[in-house]
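Here's the structure, in structure tokens; my notes come after.
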Amino acid sequence: MDPLLEQLLAGFVDESQEIYERVTRSLMELEKSPAQGPSFDELARGLHTLKGSAATLGLEELADFAHRMEDVILPLRGSAKPLPATVADAVLKSLDVWMARLRAIAAKGELPELGPSFVLLEKVKPAGAGTPKKKNGAGKNGKGRTAPETPAASVPPPPEVAPAQAPATSPAEPAPAPAAPDEAQGDSWRVTTRQVIALLHEVERLREVRLRVEERRRELEKAILQLDRLGIQAETAEARALLLGVRRSLGADGEEAADIVASMEEGLKAISTVPVRTVLDPLRRAVRDLCKATGKQARLAVVGAEVSLDRRVIEQLRGPLIHLVRNAVDHGLEMPDVREARGKHPEGALTIRVEQQGNMLFIEVGDDGAGLDLEQIREAALRRALVAPEELANMSIQQLHQLIFRPGFSTRTEATEFSGRGVGLDVVRNQIQALQGHVEVQSVAGQGARFVLTLPADLGSSPVLVVRCGEHQLGVPMAAVESSRAARSKDLRVGRSRVQLDHREQLIPVQDLGAVVGLRQPEVPADGQPLLILQAQGRRLALSVDEVLGDRELVIRPLPADVRELPAYQGAATLARGELVLILRPDFLVSSERRAESGLASTRRALVVDDSLTARALHRTALETGGYLVHTASNGRQALEQLRHSAYDVMVCDIGMDEMDGYELTAAVRQRAETDSMPILLVSARDSDSDRQRGMAVGADGFLTKKECVSGRLLSEVSTVIARRKGAA
Amino acid sequence: MKLRARELDGFTPEVEELLVQRAERVRRKPAETDEENVLWVAEFPVGEETYALPLETLRAAVPLKMVTAVPLSPSHVIGILRFQGQIVTALSLASLLGGRGWREDPAVLLVVDPGFGRLVALDCERIPKPTGLPHALVEEARARSTSAISEITLPGMRQVNLLDLLRLMDRRHAQEKR
């Protein structure tokens, strides 16, 4: 193929895809309303443009094919009745073949047959409609090839064609849209996806830098305030004036940088994103076709179709969304008579809701059908040997729901055209995971099911409330924070297993963030301790934190694959100094009460105190192998704080730590009545008799060097010190 | 006339010693560093043992700081950190190896590319040193090995455990699934 033509063909495929989508939408609208008005004009214009553009590129058979579709459609213009379903079906199917053929030509692949489509169109063609146009009557640029029988006056010219670029055959003949030779015209450039992605990443970095500048300004503000508090106004006047100047400049620079970032993001969005509608609109067709095939009735409502998404994401979402929608119709919705018997409208409601919060994207596909059938899921899992019967018996409802994402899972015993092959939701999950996102399912028997896809969006930032819990900083999306307040004991209802907060005449459960993320035993909030009132998934929770550090605009990034599956986190974001902060998932937080209730209370507990992250990880590995629930502290002060609230069966403690070393900590622990008999094992990189003797002298029960800390040895030593204490008692 | 080494007068004993060592290394080079016969590795200690990983998998050695711990993560996960704009997981090598003792608390993270398309960081007691392992010994050890570690015995009975990162990570995934 001529290289220039090949280049034009690529553009024509994209252009045709857009027209194909518009024509499909119009056809589906005209099935339900009179064959006239803007929808009919759109349909006629679209077919005409396909014909003309194909002819311009010398694609005779496609021009002829579009002409045949026109022959079926145009005679129906002005009818007070909707398009007959047979006509709509035939043209929709023909359009599919038309696009497939064009794509095959562009990809130099195997061409689909046109014969069956011609037969189909011939069958539904109204009597007296035009005949197929001659194949040899065309000039090189398509002039003279458009069908003379086209009611030209009634078809407005394609809006995208400028008069100078659209030489028409005759004044009455609307000009076919040429395949736009953008490069040749010099008003656009061809850039690769890779180049655009590289730019996107640079803008992301720039946004982070901008956020850091803002953070520096705040720090400077704090420094100025501190200087003010020192009360040495005269001596620091010059320095303060300088700092105030720098603060002003930083503020102005930050604002300018924000403007640049916003403008670059806007520009890049225009280049790299398309409305999510482009992937949602074809779903209407899928719903329509599936309903016709299954005898069901459904109406698809889309909310948020105008949200613009990265083209790559759109492409990747197409398959999963089609699958979820087909699933909803095929598995979720009941037959009309069944729905009526259950008091529902015979037409099922399918809803797709797209929402972007900051740089996170949420897509929800819901239906008001029967919901997931747990019994069927259990049977299918057993039938397909996906889990052992005893494991199945112990599964929670959430775990049973997760089974539908297993490879090979299907509740159908026989494969149909639409389902039952066991290929599906696992593919959906894999594709969403490939986009660094995840998928969840929620279902209520008899009321319906909804699948929620959460994905990172490339551009934008999210408001996050940063809080402290022990030595950890964690982020809570502001969207979930209803309010914050200080705890007051008179508002707390402390029961044996739960704490509730009397908040605005409502009792809401209270959870300790430290316990929720496994850092410590649950603690009842102290007077004045900050409480965040969170709301998510219709549930509310008062979350006690150690300190509220402030709200920030942060770019939330997906976590690496090794930790992405942790349900507690939405992602991570970079703070001003370059450190990462984990962003919690509100739905995980609000459901923490139920998890706490189902937790094991009888587990043996160990406290590991070490200033080395890796040493803590290693001790934890060994102790968890031995069945211990492990909490950690990075210094002596923190360990004492943990011990004030919780009891432990053993403490494994490093010696060489800053502030308070292991000897001092051991001595402090022994002085407290609650912990004076707690087994303590000292661990050190040092290996000398004097170290051992000093450890024993301050009250340790055992001593191990780090090189001896192979897991088996650590566990046996822990058992020994525990036994020794028991023996002593 | 017999050629004699230049007199080393005027240097301190330390510098003299250094120069003599360098000369020794240069003399040894052809026998031990033949590019085609050695696999270049990064060698480092884990407790009392010596481990190595192919140099081609090593992207960087960075100080073990600015690592954010991830509560609720598996115990072999030390945390996450930023590396060249990416978020990377830091893993405890000793823990991955099934619980090894160590001499010094690790102070270095080795950022490696195990070959599955993303980077991970492994903790390490000291900055590794590059060294060459004879290909023949490597191949022999790999053929013998059934795990992620190939035990290579070098002349002088020094033992180096060569890590196969892909297998090490695979084993970890398998353990997690269990």
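Order determines the names: the first chain of the structure tokens is A, the second B, and so forth; residues in each chain are numbered 1 upward, and ligands are numbered 1 upward as they are shown.
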Item checked: DSSP-assigned alpha helix (DSSP H) among range 210-448 of chain A, expressed as number ranges by chain -> A: 210-230, 233-272, 277-294, 311-327, 336-341, 374-383, 389-393, 397-402, 425-434
Show me, as a PDB file with C-alpha atoms, in the first residue's frame, the residues of chain B whose atoms get within 10 Å of chain A, using only C-alpha atoms for the distance check.
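In the end it all went to selection.pdb:
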ATOM      1  CA  VAL B  46      24.366 -11.994  55.453  1.00  0.00           C
ATOM      2  CA  GLY B  47      25.385 -12.899  58.973  1.00  0.00           C
ATOM      3  CA  GLU B  48      28.257 -15.369  58.805  1.00  0.00           C
ATOM      4  CA  LEU B  64      18.581   2.288  54.266  1.00  0.00           C
ATOM      5  CA  LYS B  65      16.625   5.395  55.203  1.00  0.00           C
ATOM      6  CA  MET B  66      13.412   7.137  54.221  1.00  0.00           C
ATOM      7  CA  VAL B  67      11.711   3.744  54.243  1.00  0.00           C
ATOM      8  CA  THR B  68       8.060   3.905  55.247  1.00  0.00           C
ATOM      9  CA  ALA B  69       6.951   0.853  57.206  1.00  0.00           C
ATOM     10  CA  VAL B  70       3.736  -0.736  55.972  1.00  0.00           C
ATOM     11  CA  PRO B  71       1.630  -1.941  58.891  1.00  0.00           C
ATOM     12  CA  LEU B  72      -0.286  -5.179  58.211  1.00  0.00           C
ATOM     13  CA  SER B  73       2.134  -6.189  55.460  1.00  0.00           C
ATOM     14  CA  PRO B  74       3.763  -9.632  55.375  1.00  0.00           C
ATOM     15  CA  SER B  75       6.675  -9.837  57.794  1.00  0.00           C
ATOM     16  CA  HIS B  76       9.350  -9.990  55.081  1.00  0.00           C
ATOM     17  CA  VAL B  77       8.290  -6.518  53.901  1.00  0.00           C
ATOM     18  CA  ILE B  78      10.421  -3.843  55.531  1.00  0.00           C
ATOM     19  CA  GLY B  79       8.495  -1.013  53.916  1.00  0.00           C
ATOM     20  CA  ILE B  80       8.265   1.147  50.826  1.00  0.00           C
ATOM     21  CA  LEU B  81      10.528   3.873  49.495  1.00  0.00           C
ATOM     22  CA  ARG B  82      10.877   6.185  46.537  1.00  0.00           C
ATOM     23  CA  GLY B  85      10.263   8.492  41.054  1.00  0.00           C
ATOM     24  CA  GLN B  86       8.959   4.961  41.525  1.00  0.00           C
ATOM     25  CA  ILE B  87       7.560   3.452  44.708  1.00  0.00           C
ATOM     26  CA  VAL B  88       9.582   0.346  45.463  1.00  0.00           C
ATOM     27  CA  THR B  89       9.077  -2.337  48.127  1.00  0.00           C
ATOM     28  CA  ALA B  90      11.986  -2.991  50.497  1.00  0.00           C
ATOM     29  CA  LEU B  91      12.239  -6.634  51.511  1.00  0.00           C
ATOM     30  CA  SER B  92      14.249  -8.332  54.207  1.00  0.00           C
ATOM     31  CA  LEU B  93      16.691 -10.647  52.501  1.00  0.00           C
ATOM     32  CA  ALA B  94      17.427 -12.598  55.669  1.00  0.00           C
ATOM     33  CA  SER B  95      13.716 -13.156  56.100  1.00  0.00           C
ATOM     34  CA  LEU B  96      13.315 -14.235  52.464  1.00  0.00           C
ATOM     35  CA  GLY B  98      14.093 -18.296  55.766  1.00  0.00           C
ATOM     36  CA  GLY B  99      15.418 -16.500  58.840  1.00  0.00           C
ATOM     37  CA  ARG B 100      19.170 -16.019  58.899  1.00  0.00           C
ATOM     38  CA  GLY B 101      21.105 -14.382  61.706  1.00  0.00           C
ATOM     39  CA  TRP B 102      22.988 -11.186  61.018  1.00  0.00           C
ATOM     40  CA  ARG B 103      26.043  -9.445  62.390  1.00  0.00           C
ATOM     41  CA  GLU B 104      25.209  -5.808  61.867  1.00  0.00           C
ATOM     42  CA  ASP B 105      21.838  -4.174  61.379  1.00  0.00           C
ATOM     43  CA  PRO B 106      21.532  -3.641  57.647  1.00  0.00           C
ATOM     44  CA  ALA B 107      22.334  -0.107  56.577  1.00  0.00           C
ATOM     45  CA  ARG B 118       9.568  -4.029  38.451  1.00  0.00           C
ATOM     46  CA  LEU B 119      12.256  -3.142  40.929  1.00  0.00           C
ATOM     47  CA  VAL B 120      12.505  -4.321  44.519  1.00  0.00           C
ATOM     48  CA  LEU B 122      16.746  -5.899  49.447  1.00  0.00           C
ATOM     49  CA  ASP B 123      18.427  -5.016  52.722  1.00  0.00           C
ATOM     50  CA  CYS B 124      22.102  -5.649  53.131  1.00  0.00           C
ATOM     51  CA  HIS B 173       4.869 -15.729  46.182  1.00  0.00           C
TER      52      HIS B 173
END
Checklist line | For Gln17 in chain A: contacts at 12 Å, only C-alpha atoms, fewer than 4 positions along chain excluded, given as a list in words | finding: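 These residues fall inside the cut-off: Ala10, Gly11, Phe12, Val13, Glu21, Arg22, Val23, Thr24, Gly46, Thr49, Leu50, Leu95, Asp96, Trp98, Met99, Ala100, Leu102, Arg103, Thr278, Val279 and Pro282 of chain A.
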Would you save the residues from that selection as a PDB file, in the first residue's frame, using N, CA and C atoms?
ATOM      1  N   ALA A  10      -4.818   5.065   8.796  1.00  0.00           N
ATOM      2  CA  ALA A  10      -4.804   5.007  10.262  1.00  0.00           C
ATOM      3  C   ALA A  10      -5.722   6.074  10.840  1.00  0.00           C
ATOM      4  N   GLY A  11      -5.654   7.266  10.271  1.00  0.00           N
ATOM      5  CA  GLY A  11      -6.527   8.344  10.735  1.00  0.00           C
ATOM      6  C   GLY A  11      -7.982   8.034  10.433  1.00  0.00           C
ATOM      7  N   PHE A  12      -8.204   7.398   9.279  1.00  0.00           N
ATOM      8  CA  PHE A  12      -9.580   7.091   8.866  1.00  0.00           C
ATOM      9  C   PHE A  12     -10.219   6.064   9.820  1.00  0.00           C
ATOM     10  N   VAL A  13      -9.417   5.123  10.300  1.00  0.00           N
ATOM     11  CA  VAL A  13      -9.948   4.120  11.234  1.00  0.00           C
ATOM     12  C   VAL A  13     -10.458   4.826  12.496  1.00  0.00           C
ATOM     13  N   GLU A  21     -19.652   4.974  16.399  1.00  0.00           N
ATOM     14  CA  GLU A  21     -20.288   5.099  17.723  1.00  0.00           C
ATOM     15  C   GLU A  21     -21.496   6.034  17.669  1.00  0.00           C
ATOM     16  N   ARG A  22     -21.355   7.126  16.914  1.00  0.00           N
ATOM     17  CA  ARG A  22     -22.474   8.078  16.812  1.00  0.00           C
ATOM     18  C   ARG A  22     -23.654   7.425  16.097  1.00  0.00           C
ATOM     19  N   VAL A  23     -23.358   6.724  15.006  1.00  0.00           N
ATOM     20  CA  VAL A  23     -24.422   6.090  14.225  1.00  0.00           C
ATOM     21  C   VAL A  23     -25.127   5.023  15.067  1.00  0.00           C
ATOM     22  N   THR A  24     -24.343   4.254  15.811  1.00  0.00           N
ATOM     23  CA  THR A  24     -24.936   3.212  16.660  1.00  0.00           C
ATOM     24  C   THR A  24     -25.886   3.846  17.677  1.00  0.00           C
ATOM     25  N   GLY A  46     -23.780  10.359   9.245  1.00  0.00           N
ATOM     26  CA  GLY A  46     -22.709   9.414   9.570  1.00  0.00           C
ATOM     27  C   GLY A  46     -22.479   8.408   8.462  1.00  0.00           C
ATOM     28  N   THR A  49     -20.926  10.064   5.497  1.00  0.00           N
ATOM     29  CA  THR A  49     -19.502  10.375   5.674  1.00  0.00           C
ATOM     30  C   THR A  49     -18.658   9.116   5.529  1.00  0.00           C
ATOM     31  N   LEU A  50     -19.154   8.021   6.063  1.00  0.00           N
ATOM     32  CA  LEU A  50     -18.417   6.757   5.922  1.00  0.00           C
ATOM     33  C   LEU A  50     -18.255   6.424   4.437  1.00  0.00           C
ATOM     34  N   LEU A  95     -22.929  -2.535  10.291  1.00  0.00           N
ATOM     35  CA  LEU A  95     -21.919  -1.561  10.747  1.00  0.00           C
ATOM     36  C   LEU A  95     -20.740  -2.269  11.417  1.00  0.00           C
ATOM     37  N   ASP A  96     -21.055  -3.288  12.229  1.00  0.00           N
ATOM     38  CA  ASP A  96     -19.980  -4.058  12.879  1.00  0.00           C
ATOM     39  C   ASP A  96     -19.037  -4.646  11.834  1.00  0.00           C
ATOM     40  N   TRP A  98     -18.677  -3.642   8.771  1.00  0.00           N
ATOM     41  CA  TRP A  98     -18.007  -2.542   8.057  1.00  0.00           C
ATOM     42  C   TRP A  98     -16.736  -2.132   8.813  1.00  0.00           C
ATOM     43  N   MET A  99     -16.891  -1.941  10.137  1.00  0.00           N
ATOM     44  CA  MET A  99     -15.727  -1.529  10.946  1.00  0.00           C
ATOM     45  C   MET A  99     -14.664  -2.625  10.976  1.00  0.00           C
ATOM     46  N   ALA A 100     -15.145  -3.865  11.103  1.00  0.00           N
ATOM     47  CA  ALA A 100     -14.197  -4.986  11.169  1.00  0.00           C
ATOM     48  C   ALA A 100     -13.388  -5.066   9.878  1.00  0.00           C
ATOM     49  N   LEU A 102     -12.783  -2.586   7.788  1.00  0.00           N
ATOM     50  CA  LEU A 102     -11.848  -1.456   7.711  1.00  0.00           C
ATOM     51  C   LEU A 102     -10.607  -1.725   8.576  1.00  0.00           C
ATOM     52  N   ARG A 103     -10.845  -2.221   9.765  1.00  0.00           N
ATOM     53  CA  ARG A 103      -9.703  -2.525  10.650  1.00  0.00           C
ATOM     54  C   ARG A 103      -8.797  -3.586  10.030  1.00  0.00           C
ATOM     55  N   THR A 278     -16.853   7.299  25.525  1.00  0.00           N
ATOM     56  CA  THR A 278     -16.448   6.530  24.352  1.00  0.00           C
ATOM     57  C   THR A 278     -16.416   5.033  24.629  1.00  0.00           C
ATOM     58  N   VAL A 279     -16.219   4.684  25.884  1.00  0.00           N
ATOM     59  CA  VAL A 279     -16.226   3.255  26.191  1.00  0.00           C
ATOM     60  C   VAL A 279     -17.588   2.823  26.753  1.00  0.00           C
ATOM     61  N   PRO A 282     -20.896   2.248  23.714  1.00  0.00           N
ATOM     62  CA  PRO A 282     -21.090   0.946  23.062  1.00  0.00           C
ATOM     63  C   PRO A 282     -21.741  -0.092  23.980  1.00  0.00           C
TER      64      PRO A 282
END
Item checked: Expected answer as a ChimeraX atom specification: strand (DSSP E or B) residues in range 572-725 of chain A -> /A:572-574,580-584,604-609,628-633,650-654,680-684,702-705
Item checked: Separation of CA of Gln398 in chain A from CA of Ala445 in chain A in Å ->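 CA of Gln398 in chain A lies at a distance of 13.2 Å from CA of Ala445 in chain A.
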Counting only C-alpha atoms, what are the residues of range 43-97 of chain B within 12 Å of range 128-132 of chain B, and for each of them which pair of atoms is the nearest and at what distance in Å, to one decimal? Sort the table by chain and rising number, as a tab-separated table.
residue	atom	partner	partner_atom	distance
B:Glu43	CA	B:Pro128	CA	5.1
B:Phe44	CA	B:Pro128	CA	4.6
B:Pro45	CA	B:Pro128	CA	8.0
B:Val46	CA	B:Pro128	CA	10.8
B:Thr50	CA	B:Pro128	CA	10.3
B:Tyr51	CA	B:Pro128	CA	9.4
B:Ala52	CA	B:Pro128	CA	8.4
B:Leu53	CA	B:Pro128	CA	9.7
B:Pro54	CA	B:Pro130	CA	9.4
B:Leu55	CA	B:Pro130	CA	7.3
B:Glu56	CA	B:Pro130	CA	10.9
B:Leu58	CA	B:Pro128	CA	10.2
B:Ala60	CA	B:Pro128	CA	10.4
B:Ala61	CA	B:Pro128	CA	8.1
B:Val62	CA	B:Pro128	CA	11.0
Check: Neighbours of Ser39 in chain A within 12 Å (only C-alpha atoms; same-chain residues fewer than 5 positions away dropped), as a ChimeraX atom specification?
Finding: /A:22-34,44-46,77-78,82-83,155
Keeping only N, CA and C atoms, take the residues you just selected and write them out as a PDB file, in the first residue's frame.
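As a result, again01.pdb now contains:
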ATOM      1  N   ARG A  22     -21.355   7.126  16.914  1.00  0.00           N
ATOM      2  CA  ARG A  22     -22.474   8.078  16.812  1.00  0.00           C
ATOM      3  C   ARG A  22     -23.654   7.425  16.097  1.00  0.00           C
ATOM      4  N   VAL A  23     -23.358   6.724  15.006  1.00  0.00           N
ATOM      5  CA  VAL A  23     -24.422   6.090  14.225  1.00  0.00           C
ATOM      6  C   VAL A  23     -25.127   5.023  15.067  1.00  0.00           C
ATOM      7  N   THR A  24     -24.343   4.254  15.811  1.00  0.00           N
ATOM      8  CA  THR A  24     -24.936   3.212  16.660  1.00  0.00           C
ATOM      9  C   THR A  24     -25.886   3.846  17.677  1.00  0.00           C
ATOM     10  N   ARG A  25     -25.413   4.942  18.277  1.00  0.00           N
ATOM     11  CA  ARG A  25     -26.260   5.617  19.277  1.00  0.00           C
ATOM     12  C   ARG A  25     -27.561   6.103  18.637  1.00  0.00           C
ATOM     13  N   SER A  26     -27.440   6.675  17.454  1.00  0.00           N
ATOM     14  CA  SER A  26     -28.632   7.189  16.779  1.00  0.00           C
ATOM     15  C   SER A  26     -29.600   6.056  16.442  1.00  0.00           C
ATOM     16  N   LEU A  27     -29.055   4.964  15.942  1.00  0.00           N
ATOM     17  CA  LEU A  27     -29.916   3.829  15.578  1.00  0.00           C
ATOM     18  C   LEU A  27     -30.704   3.343  16.795  1.00  0.00           C
ATOM     19  N   MET A  28     -30.011   3.270  17.932  1.00  0.00           N
ATOM     20  CA  MET A  28     -30.684   2.763  19.133  1.00  0.00           C
ATOM     21  C   MET A  28     -31.740   3.757  19.630  1.00  0.00           C
ATOM     22  N   GLU A  29     -31.477   5.034  19.451  1.00  0.00           N
ATOM     23  CA  GLU A  29     -32.485   6.029  19.847  1.00  0.00           C
ATOM     24  C   GLU A  29     -33.687   5.948  18.917  1.00  0.00           C
ATOM     25  N   LEU A  30     -33.409   5.762  17.614  1.00  0.00           N
ATOM     26  CA  LEU A  30     -34.501   5.744  16.639  1.00  0.00           C
ATOM     27  C   LEU A  30     -35.326   4.461  16.716  1.00  0.00           C
ATOM     28  N   GLU A  31     -34.815   3.474  17.406  1.00  0.00           N
ATOM     29  CA  GLU A  31     -35.631   2.273  17.624  1.00  0.00           C
ATOM     30  C   GLU A  31     -36.801   2.571  18.547  1.00  0.00           C
ATOM     31  N   LYS A  32     -36.629   3.635  19.341  1.00  0.00           N
ATOM     32  CA  LYS A  32     -37.648   3.948  20.355  1.00  0.00           C
ATOM     33  C   LYS A  32     -38.413   5.232  20.039  1.00  0.00           C
ATOM     34  N   SER A  33     -37.986   5.974  19.014  1.00  0.00           N
ATOM     35  CA  SER A  33     -38.679   7.239  18.715  1.00  0.00           C
ATOM     36  C   SER A  33     -38.835   7.388  17.204  1.00  0.00           C
ATOM     37  N   PRO A  34     -39.705   8.306  16.763  1.00  0.00           N
ATOM     38  CA  PRO A  34     -39.949   8.453  15.315  1.00  0.00           C
ATOM     39  C   PRO A  34     -38.660   8.666  14.517  1.00  0.00           C
ATOM     40  N   ALA A  44     -27.995   9.645   9.178  1.00  0.00           N
ATOM     41  CA  ALA A  44     -27.810   9.799   7.726  1.00  0.00           C
ATOM     42  C   ALA A  44     -26.446  10.418   7.421  1.00  0.00           C
ATOM     43  N   ARG A  45     -26.101  11.434   8.204  1.00  0.00           N
ATOM     44  CA  ARG A  45     -24.823  12.113   7.985  1.00  0.00           C
ATOM     45  C   ARG A  45     -23.649  11.165   8.213  1.00  0.00           C
ATOM     46  N   GLY A  46     -23.780  10.359   9.245  1.00  0.00           N
ATOM     47  CA  GLY A  46     -22.709   9.414   9.570  1.00  0.00           C
ATOM     48  C   GLY A  46     -22.479   8.408   8.462  1.00  0.00           C
ATOM     49  N   ARG A  77     -36.838   8.142   6.344  1.00  0.00           N
ATOM     50  CA  ARG A  77     -36.799   9.485   6.951  1.00  0.00           C
ATOM     51  C   ARG A  77     -38.205  10.085   7.033  1.00  0.00           C
ATOM     52  N   GLY A  78     -38.478  10.678   8.139  1.00  0.00           N
ATOM     53  CA  GLY A  78     -39.738  11.397   8.322  1.00  0.00           C
ATOM     54  C   GLY A  78     -40.873  10.511   8.823  1.00  0.00           C
ATOM     55  N   PRO A  82     -41.090   4.503  14.942  1.00  0.00           N
ATOM     56  CA  PRO A  82     -39.667   4.196  15.164  1.00  0.00           C
ATOM     57  C   PRO A  82     -39.137   3.298  14.056  1.00  0.00           C
ATOM     58  N   LEU A  83     -37.818   3.206  13.965  1.00  0.00           N
ATOM     59  CA  LEU A  83     -37.211   2.293  12.993  1.00  0.00           C
ATOM     60  C   LEU A  83     -37.631   0.863  13.334  1.00  0.00           C
ATOM     61  N   VAL A 155     -29.880  16.014   3.901  1.00  0.00           N
ATOM     62  CA  VAL A 155     -28.737  15.587   4.706  1.00  0.00           C
ATOM     63  C   VAL A 155     -27.770  16.751   4.881  1.00  0.00           C
TER      64      VAL A 155
END
Checklist line | Non-local contacts of range 365-375 of chain A (8 Å; only C-alpha atoms; under 2 positions in same chain excluded) as an NGL selection string | finding: :A and (321 or 324-325 or 328 or 332-334 or 348-353 or 363 or 377-379 or 397 or 400-401 or 443-452)
Check: Residues at most 12 Å from Pro389 in chain A, counting only C-alpha atoms, excluding those fewer than 6 positions away in the same chain, as a VMD selection string?
Finding: chain A and resid 378 to 383 395
Notebook entry, point to check: With distances taken over only C-alpha atoms, which of A:Ala479, A:Val441, A:Ala486, A:Val196 is nearest to Arg429 in chain A?
Noted result: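 Of A:Ala479, A:Val441, A:Ala486, A:Val196, the one nearest Arg429 in chain A is A:Val441, counting only C-alpha atoms.
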Check: Which residue, A:Arg552, A:Arg488, A:Arg284, A:Arg496, has the smallest gap to Pro525 in chain A when you use only C-alpha atoms?
Finding: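 Of A:Arg552, A:Arg488, A:Arg284, A:Arg496, the one nearest Pro525 in chain A is A:Arg488, counting only C-alpha atoms.
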